[in-house]
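> The structure is given below, and queries will be raised subsequently.
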Amino acid sequence: MGSKFKKLIYLDYAAATPLHPLVKKAMERFWIDEFGNPSSLHQKGREAAGAVEAARKTIARIVSAQPREIIFTAGGTESVNLAIFGIARNHGDFKSSRGSSRGNRPHIIASAIEHECVLESLRTLKSEGFDFTLLKVNRDGFVDMNEFKKTIRPQTILVSIMYANNEIGTIEPIAEIGKLIGRANIARAKNKLPRIVFHTDACQAAGFLDLNVEKLGVDLMSVNGGKIYGPKQSGFLYVRTGTAIHPLIYGGGQERGLRSGTENVPGIVGLAMALESVQKNPQAENARLLKLRDYFILKVLQIPKTFLNGPAVRGWRLEVGGWRLPNNINICFQGMEGESLVLYLDAYGICAATGSACATQEAEASHVLLALGLTETEAKSSIRFTLGKSTNKKQLDYVVNVLKKIIPQLRKVTPLEKITSH
Ligand SMILES: *Cc1c(COP(=O)(O)O)cnc(C)c1O
């Protein structure tokens, strides 16, 4: 459906962000002038290697790590795969040494609302003999700490919980989980049980939240550039010193042997610059987005038969022990299909999303919304708006007006009964 309107209102920043103009400028010279291979001994190589190491230092400083703990990858999915398979392969000898009966299988814990790159990795590992448990979340999307404690087994080797959810903006209590795992590991060392490695998928969090790995208590952290005004297919995995992890990609031994292949120098330079830019002084932009978010939510909820998915908005910090990303809005418009609504909005020049970007090819209801307890119909009637640097109040007023106009029409076209019968 082409846009009939000149103006375009982009409200899908959780799926993709435009490259920051300064990031673009910084990247350019590494394609054309400073194109060398960082592994080369000559001047062109040293130039490129210098840029990669400077980027590594920048990122290490921002996340309070050592430069050697930053492993560059080609995006969030790769970082997550490296984290999960990299730790699992460290326990790949379990079949021969301890037998493969169910009770002996290495065990992984994740939340039920993780990104597909986590869930698919776990499903794949299951077919290879590993076991995993998905933690239930409450109506706001928070994992339950008591349930988490009960889920830990002697065989647990890895916990992977996202820092912030891409669909509903829930910010999980990562530091609290990190502390709990830290305490558990002290006891486990005494009992000669495997150390539990803690990974967090911080792809949605990196643009807004504190990434200090010490405060978070994480051993592994995945971040990508494409969600923070950096280049797509850029990312890194933080790997705490002492964490035994295997590579996914073998070859020339770049990135301490954890990610072979000639480095994407422009991507790495762009990633570091983008991260520096979003992490410089996030409070001001977060506060601006928060105000816009709450303004928009209150206006949209004036439309009958609508409700908010994810943490209730009572400001930035919520009493329930967690938070919601300042740019995330996810609303159920009962009695219509979210997909139709997104297409209608597109015709008005408004870009919104159903579920996560990756799931849009499938007509399935979002696993995140189902995990909150929504019915399949409610989940399919929900859409996500995510705000960003170019979002302003005028744009949101326009969107509210369009919604008020088209929703009664859409409810006539696709009454609830029709959706339910699908
Ligand atoms: C986008 C996203 C990913 C995947 O990152 P890519 O760079 O697209 O591979 C992983 N986790 C979360 C939470 C995301 O939002």
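Ligands are numbered from 1 in the order shown, residues from 1 within each chain, and chains are lettered A, B, ... in the order they appear in the structure tokens.
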Just list as a VMD selection string whatever in range 330-409 of chain A DSSP marks as strand (DSSP E or B).

chain A and resid 330 to 333 350 to 351 353 382 to 386

> Could you dump the residues just selected with N, CA, C and O atoms as a CSV table (one decimal), in the first residue's frame?


chain,number,residue,atom,x,y,z
A,330,ASN,N,2.5,-0.2,23.3
A,330,ASN,CA,1.9,-1.4,22.7
A,330,ASN,C,0.4,-1.5,23.1
A,330,ASN,O,0.1,-1.6,24.3
A,331,ILE,N,-0.5,-1.4,22.2
A,331,ILE,CA,-1.9,-1.2,22.5
A,331,ILE,C,-2.8,-2.2,21.8
A,331,ILE,O,-2.5,-2.5,20.6
A,332,CYS,N,-3.7,-2.8,22.5
A,332,CYS,CA,-4.7,-3.7,21.9
A,332,CYS,C,-5.9,-2.9,21.5
A,332,CYS,O,-6.5,-2.2,22.3
A,333,PHE,N,-6.2,-3.0,20.2
A,333,PHE,CA,-7.5,-2.3,19.7
A,333,PHE,C,-8.4,-3.5,19.5
A,333,PHE,O,-8.4,-4.2,18.4
A,350,ILE,N,1.9,6.5,8.2
A,350,ILE,CA,2.4,6.2,9.6
A,350,ILE,C,2.9,4.8,9.6
A,350,ILE,O,2.3,3.8,9.2
A,351,CYS,N,4.2,4.6,10.1
A,351,CYS,CA,4.8,3.3,10.2
A,351,CYS,C,4.7,2.8,11.7
A,351,CYS,O,5.4,3.4,12.6
A,353,ALA,N,4.0,-1.2,14.0
A,353,ALA,CA,4.4,-2.6,13.8
A,353,ALA,C,3.4,-3.5,14.6
A,353,ALA,O,2.8,-3.2,15.6
A,382,SER,N,-3.3,-6.3,18.5
A,382,SER,CA,-2.4,-5.3,19.2
A,382,SER,C,-1.3,-4.8,18.2
A,382,SER,O,-0.9,-5.5,17.4
A,383,ILE,N,-1.0,-3.5,18.4
A,383,ILE,CA,0.1,-3.0,17.6
A,383,ILE,C,1.1,-2.2,18.4
A,383,ILE,O,0.7,-1.7,19.5
A,384,ARG,N,2.3,-2.1,17.9
A,384,ARG,CA,3.4,-1.4,18.7
A,384,ARG,C,3.8,-0.1,18.0
A,384,ARG,O,3.9,-0.1,16.7
A,385,PHE,N,3.9,0.9,18.8
A,385,PHE,CA,4.5,2.2,18.3
A,385,PHE,C,5.8,2.4,19.1
A,385,PHE,O,5.7,2.4,20.3
A,386,THR,N,6.9,2.6,18.4
A,386,THR,CA,8.1,2.9,19.2
A,386,THR,C,8.7,4.3,18.7
A,386,THR,O,8.8,4.5,17.5

> Could you name the residues that touch Gly242 in chain A at 12 Å or less, counting only C-alpha atoms, but leaving out those on the same chain fewer than 6 positions away, as a ChimeraX atom specification?

/A:68-69,195,197,219-220

> Go ahead and dump the residues you just picked, N, CA, C and O atoms, as a short mmCIF file (atom, residue, chain, number, x, y, z; two decimals), in the first residue's frame.


data_model
loop_
_atom_site.label_atom_id
_atom_site.label_comp_id
_atom_site.auth_asym_id
_atom_site.auth_seq_id
_atom_site.Cartn_x
_atom_site.Cartn_y
_atom_site.Cartn_z
N ARG A 68 39.55 -6.22 26.03
CA ARG A 68 39.62 -7.60 25.52
C ARG A 68 38.33 -8.40 25.79
O ARG A 68 38.15 -9.50 25.27
N GLU A 69 37.43 -7.83 26.57
CA GLU A 69 36.17 -8.52 26.84
C GLU A 69 35.07 -8.18 25.81
O GLU A 69 33.95 -8.67 25.93
N ARG A 195 29.34 -23.69 37.16
CA ARG A 195 29.05 -22.28 37.37
C ARG A 195 27.94 -21.87 36.41
O ARG A 195 27.93 -22.27 35.24
N VAL A 197 26.38 -19.30 34.01
CA VAL A 197 26.78 -18.11 33.26
C VAL A 197 25.52 -17.29 33.00
O VAL A 197 24.46 -17.83 32.69
N ASP A 219 27.68 -11.92 32.83
CA ASP A 219 28.93 -12.47 32.27
C ASP A 219 28.99 -12.23 30.78
O ASP A 219 30.08 -12.15 30.20
N LEU A 220 27.83 -12.16 30.15
CA LEU A 220 27.73 -11.98 28.70
C LEU A 220 26.63 -10.95 28.44
O LEU A 220 25.60 -10.96 29.11
#

> Check every protein, DNA and RNA residue against ligand 1, keep those with an atom at most 7 Å away (counting only C-alpha atoms and all ligand atoms), and present them as a list in words.

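Listed by chain and ascending number, the contacts are Ala14, Ala15, Gly75, Gly76, Thr77, Glu78, His115, Cys117, Met162, Ala164, Asn165, Asn166, Asp201, Ala202, Cys203, Gln204, Asn224, Gly225, Gly226, Lys227, Lys232, Gln233, Ser234 and Gly235 of chain A.
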
> For each of A:Leu135, A:Ile9, A:Val23, A:Ala48, take the minimum atom-to-atom distance to Glu263 in chain A, counting only C-alpha atoms, then give the residue where this is smallest.

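The closest residue to Glu263 in chain A is A:Ala48.
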
> From a DSSP calculation on the backbone, collect every residue of range 144-343 of chain A in helix (DSSP H, G or I) and output the set as number ranges by chain.

A: 145-151, 174-190, 213-216, 255-257, 265-280, 282-300, 338-343

> Selected residues, C-alpha atoms, written as a PDB file, in the first residue's frame, please.


ATOM      1  CA  MET A 145      12.185 -14.060  41.056  1.00  0.00           C
ATOM      2  CA  ASN A 146      10.742 -16.817  43.243  1.00  0.00           C
ATOM      3  CA  GLU A 147       9.895 -18.963  40.257  1.00  0.00           C
ATOM      4  CA  PHE A 148      13.363 -18.267  38.898  1.00  0.00           C
ATOM      5  CA  LYS A 149      15.009 -19.519  42.091  1.00  0.00           C
ATOM      6  CA  LYS A 150      12.966 -22.724  41.924  1.00  0.00           C
ATOM      7  CA  THR A 151      13.900 -23.290  38.287  1.00  0.00           C
ATOM      8  CA  ILE A 174      18.803  -7.784  35.559  1.00  0.00           C
ATOM      9  CA  ALA A 175      20.922  -6.527  38.482  1.00  0.00           C
ATOM     10  CA  GLU A 176      18.714  -8.404  40.941  1.00  0.00           C
ATOM     11  CA  ILE A 177      18.953 -11.606  38.887  1.00  0.00           C
ATOM     12  CA  GLY A 178      22.715 -11.085  38.572  1.00  0.00           C
ATOM     13  CA  LYS A 179      23.086 -10.853  42.357  1.00  0.00           C
ATOM     14  CA  LEU A 180      21.037 -13.996  42.868  1.00  0.00           C
ATOM     15  CA  ILE A 181      23.130 -15.943  40.347  1.00  0.00           C
ATOM     16  CA  GLY A 182      26.320 -14.609  41.937  1.00  0.00           C
ATOM     17  CA  ARG A 183      25.244 -15.917  45.351  1.00  0.00           C
ATOM     18  CA  ALA A 184      24.152 -19.241  43.845  1.00  0.00           C
ATOM     19  CA  ASN A 185      27.533 -19.623  42.147  1.00  0.00           C
ATOM     20  CA  ILE A 186      29.416 -19.272  45.442  1.00  0.00           C
ATOM     21  CA  ALA A 187      27.420 -22.170  46.886  1.00  0.00           C
ATOM     22  CA  ARG A 188      27.763 -24.171  43.672  1.00  0.00           C
ATOM     23  CA  ALA A 189      31.544 -23.852  43.660  1.00  0.00           C
ATOM     24  CA  LYS A 190      31.657 -25.471  47.110  1.00  0.00           C
ATOM     25  CA  VAL A 213      28.226  -4.927  33.372  1.00  0.00           C
ATOM     26  CA  GLU A 214      29.456  -4.792  36.976  1.00  0.00           C
ATOM     27  CA  LYS A 215      26.236  -3.232  38.232  1.00  0.00           C
ATOM     28  CA  LEU A 216      24.206  -5.658  36.134  1.00  0.00           C
ATOM     29  CA  GLU A 255      38.510 -11.464  17.941  1.00  0.00           C
ATOM     30  CA  ARG A 256      40.559 -13.676  20.274  1.00  0.00           C
ATOM     31  CA  GLY A 257      39.569 -16.678  18.185  1.00  0.00           C
ATOM     32  CA  VAL A 265      35.944  -1.959  10.198  1.00  0.00           C
ATOM     33  CA  PRO A 266      33.363   0.672   9.126  1.00  0.00           C
ATOM     34  CA  GLY A 267      30.672  -1.249  11.029  1.00  0.00           C
ATOM     35  CA  ILE A 268      32.795  -1.458  14.170  1.00  0.00           C
ATOM     36  CA  VAL A 269      33.693   2.240  14.012  1.00  0.00           C
ATOM     37  CA  GLY A 270      30.023   3.114  13.444  1.00  0.00           C
ATOM     38  CA  LEU A 271      28.834   0.859  16.272  1.00  0.00           C
ATOM     39  CA  ALA A 272      31.190   2.454  18.806  1.00  0.00           C
ATOM     40  CA  MET A 273      30.251   5.949  17.743  1.00  0.00           C
ATOM     41  CA  ALA A 274      26.528   5.185  17.832  1.00  0.00           C
ATOM     42  CA  LEU A 275      26.802   3.663  21.302  1.00  0.00           C
ATOM     43  CA  GLU A 276      28.787   6.635  22.537  1.00  0.00           C
ATOM     44  CA  SER A 277      26.155   8.983  21.157  1.00  0.00           C
ATOM     45  CA  VAL A 278      23.121   7.266  22.742  1.00  0.00           C
ATOM     46  CA  GLN A 279      24.925   6.645  26.038  1.00  0.00           C
ATOM     47  CA  LYS A 280      26.371  10.130  26.418  1.00  0.00           C
ATOM     48  CA  PRO A 282      20.475   9.570  27.855  1.00  0.00           C
ATOM     49  CA  GLN A 283      18.507  11.213  30.690  1.00  0.00           C
ATOM     50  CA  ALA A 284      17.406  14.238  28.661  1.00  0.00           C
ATOM     51  CA  GLU A 285      16.231  12.259  25.633  1.00  0.00           C
ATOM     52  CA  ASN A 286      14.664   9.580  27.848  1.00  0.00           C
ATOM     53  CA  ALA A 287      12.656  12.238  29.695  1.00  0.00           C
ATOM     54  CA  ARG A 288      11.506  13.795  26.415  1.00  0.00           C
ATOM     55  CA  LEU A 289      10.393  10.416  25.035  1.00  0.00           C
ATOM     56  CA  LEU A 290       8.737   9.446  28.288  1.00  0.00           C
ATOM     57  CA  LYS A 291       6.556  12.546  28.186  1.00  0.00           C
ATOM     58  CA  LEU A 292       5.611  11.891  24.580  1.00  0.00           C
ATOM     59  CA  ARG A 293       4.952   8.220  25.329  1.00  0.00           C
ATOM     60  CA  ASP A 294       2.581   8.928  28.190  1.00  0.00           C
ATOM     61  CA  TYR A 295       0.844  11.722  26.299  1.00  0.00           C
ATOM     62  CA  PHE A 296       0.235   9.383  23.366  1.00  0.00           C
ATOM     63  CA  ILE A 297      -0.905   6.455  25.520  1.00  0.00           C
ATOM     64  CA  LEU A 298      -3.472   8.572  27.359  1.00  0.00           C
ATOM     65  CA  LYS A 299      -4.835   9.981  24.092  1.00  0.00           C
ATOM     66  CA  VAL A 300      -5.081   6.579  22.395  1.00  0.00           C
ATOM     67  CA  GLY A 338      -3.568  -5.417  14.150  1.00  0.00           C
ATOM     68  CA  GLU A 339      -2.168  -6.298  10.755  1.00  0.00           C
ATOM     69  CA  SER A 340      -4.995  -4.473   8.952  1.00  0.00           C
ATOM     70  CA  LEU A 341      -4.551  -1.490  11.222  1.00  0.00           C
ATOM     71  CA  VAL A 342      -0.818  -1.328  10.449  1.00  0.00           C
ATOM     72  CA  LEU A 343      -1.575  -1.417   6.713  1.00  0.00           C
TER      73      LEU A 343
END

> Taking into account only C-alpha atoms, which residue in the set A:Val118, A:Val63, A:Ala26, A:Ile249 is nearest to Thr262 in chain A?

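Closest candidate: A:Ile249.
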
> What is the distance, in Å and to one decimal place, between CA of Ala55 in chain A and CA of Arg240 in chain A?

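About the pair CA of Ala55 in chain A and CA of Arg240 in chain A: they are 17.9 Å apart.
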
> Quick check, in Å to one decimal: how far apart do CA of Glu128 in chain A and CA of Ser111 in chain A lie?

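Calculated distance between CA of Glu128 in chain A and CA of Ser111 in chain A is 20.4 Å.
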
> Kindly indicate which residue among A:Ala205, A:Ile303, A:Ala347, A:Ile71 lies nearest to Leu237 in chain A, using only C-alpha atoms for the distances.

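Of A:Ala205, A:Ile303, A:Ala347, A:Ile71, the one nearest Leu237 in chain A is A:Ile71, counting only C-alpha atoms.
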
> I'd like the interatomic distance between CA of Ser222 in chain A and CA of Asn138 in chain A, to a tenth of an Å.

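Taking CA of Ser222 in chain A and CA of Asn138 in chain A, their separation equals 24.3 Å.
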